[in-house]
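Student: My questions all concern the structure below.
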Amino acid sequence: MKNSLRPAAAAAVTVVLWASAFVSIRSAGAAYSPGALALGRLTSGALTLGVFCLVRREGLPPRSAWRGIAVSGALWFGFYMVVLNWGEQQVDAGTAALVVNVGPILIALLGSRLLGDAMPPRLLAGMAVSFAGAVTVGLSMSGDGGSSVLGVVLCLLAAVAYAGGVVAQKPALGRASALQVTTFGCLVGAVLCLPFMGQLVGQAADAPVSATLNMVYLGVFPTALAFTTWAYALARTTASRMGATTYAVPALVVLMSWLALGEVPGPLTLAGGALCLAGVAVSRSRPRAKAERAAAPDAPQPEQVP
């Protein structure tokens with residue numbers, strides 16, 4: 001029982017820390033450009049993960065795991081973090097989380113194509129509903145100007161990169177440890193962000209201490225710790241099931257951004273987010289007949305009359 005609870009606990013840690021990341025990105029983004037913030041975050045994360053690797057004496061991942069590590073590192077640690085940082089300079093943290101939460105449905109779609117997961121009609125219907133929700137969020141922000149629409153588009157690109165990174169990471173976790181996959185994926189992302197080194201150095205000299213501390217926090221906790229707990233749980237379940245655990249992130253982000261930043265998405269934005277989550281619920285549901293057949297073996301049997 002204890003071992004079965006560990007993946008759930010790891011997933012819960014990931015959800016909470018990733019929710020806090022949206023708020024920290026919004027705060028640090030006032031002083032750091034998207035690329036510089038991504039590089040600073042990844043550098044802090046890679047240094048933290050490197051220490052853990054040395055303590056645990058983790059060696060290099062096997063050659064068979066490197067393809068998945070490289071792809072997930074480029075998409076999820078590199079591209080995702082840059083475009084998400086950019087997107088959060090255009091929209092509030094809650095809106096960004098709502099749009100990025102389309103990612104789990106994309107994970108299911110890619111998992112079907114690349115990992116052989118089932119692709120039921122309800123998944124297609126759920127994707128359509130969630131896409132409508134993302135469009136609603138975009139329209140709700142259009143009154144603030146084209147830059148807000150750009151922010152929603154950037155967050156959608158982040159969702160695509162997130163989904164691709166998860167699907168690429170899953171096979172690698174069958175060949176390397178969660179710590180190895182996370183550490184070297186983070187290093188790949190950091191290397192790809194090195195062109196932003198000049199911006200990071202220049203902006204760090206002028207940035208307030210609070211923004212720099214937020215950047216370091218992003219590297220140590222939502223990156224080093226949360227990505228490792230994610231990989232640990234992902235190695236013990238399916239990609240689509242792990243994607244489902246992130247459905248709670250937008251609600252937590254809205255709460256955290258309200259408490260920390262005073263930001264609450266408007267009613268239409270929340271309605272679009274609800275559509276996104278409704279689409280996810282549709283995609284994860286099963287026909288009633290199948291659900292009843294699945295539950296039948298566990299149903300209590302009537303007592304026999306002597």
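By convention in this document, the chains of the structure tokens carry letters A, B, ... by their order, each chain's residues are numbered from 1, and ligands are numbered from 1 in the order they are shown.
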Excluding stretch 152-168 of chain A and residues on its chain fewer than 3 positions from it, collect all residues at most 7 Å away from it, counting only C-alpha atoms, and give them as a list of chain:residue names.

Tutor: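 Here the qualifying residues turn out to be A:Gly68, A:Val71, A:Ser72, A:Leu75, A:Trp76, A:Phe79, A:Tyr80, A:Val83, A:Leu84, A:Gly87, A:Ala96, A:Val99, A:Val100, A:Asn101, A:Val102, A:Gly103, A:Pro104, A:Leu106, A:Ile107, A:Leu110, A:Gly111, A:Gly138, A:Ser148, A:Val149, A:Pro171, A:Ala239.
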
Student: Atoms to include: C-alpha atoms. Write the selected residues as a short mmCIF file (atom, residue, chain, number, x, y, z; two decimals), in the first residue's frame.

Tutor:
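Dumped to again.cif:
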```cif
data_model
loop_
_atom_site.label_atom_id
_atom_site.label_comp_id
_atom_site.auth_asym_id
_atom_site.auth_seq_id
_atom_site.Cartn_x
_atom_site.Cartn_y
_atom_site.Cartn_z
CA GLY A 68 13.85 10.61 -25.56
CA VAL A 71 13.65 15.48 -27.52
CA SER A 72 11.97 16.12 -24.17
CA LEU A 75 10.70 20.67 -26.37
CA TRP A 76 9.77 20.75 -22.69
CA PHE A 79 11.13 25.69 -26.07
CA TYR A 80 8.27 25.32 -23.58
CA VAL A 83 7.35 30.56 -24.95
CA LEU A 84 5.53 30.18 -21.61
CA GLY A 87 3.11 34.23 -23.00
CA ALA A 96 -1.86 30.98 -19.00
CA VAL A 99 -4.67 27.51 -21.89
CA VAL A 100 -1.64 25.31 -21.20
CA ASN A 101 -4.04 22.80 -19.63
CA VAL A 102 -5.06 21.77 -23.16
CA GLY A 103 -1.78 19.81 -23.03
CA PRO A 104 -3.21 16.64 -21.43
CA LEU A 106 -2.65 16.54 -26.77
CA ILE A 107 -0.71 14.03 -24.69
CA LEU A 110 0.23 11.82 -29.30
CA GLY A 111 0.19 8.81 -27.02
CA GLY A 138 -8.43 34.00 -26.48
CA SER A 148 -3.05 39.38 -25.30
CA VAL A 149 -4.16 37.23 -28.21
CA PRO A 171 10.04 5.65 -23.30
CA ALA A 239 1.30 9.37 -20.07
#
```

Student: Could you pull the residues within 7 Å of A:Gly40, counting only C-alpha atoms, minus those fewer than 3 positions along the same chain, as a PyMOL selection string?

Tutor: chain A and resi 36-37+43-44+200+215

Student: In Å, rounded to a single decimal, give me how far atom CA of A:Ala108 is from atom CA of A:Ser130.

Tutor: 12.9 Å

Student: Could you check which of A:Met242, A:Ala128, A:Ala46, A:Ala30 is closest to A:Thr212, using only C-alpha atoms?

Tutor: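 The closest residue to A:Thr212 is A:Ala30.
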
Student: Taking only C-alpha atoms into account, name the residue in A:Ala31, A:Leu5, A:Ala178, A:Ala233 that is nearest to A:Gln89.

Tutor: A:Ala31
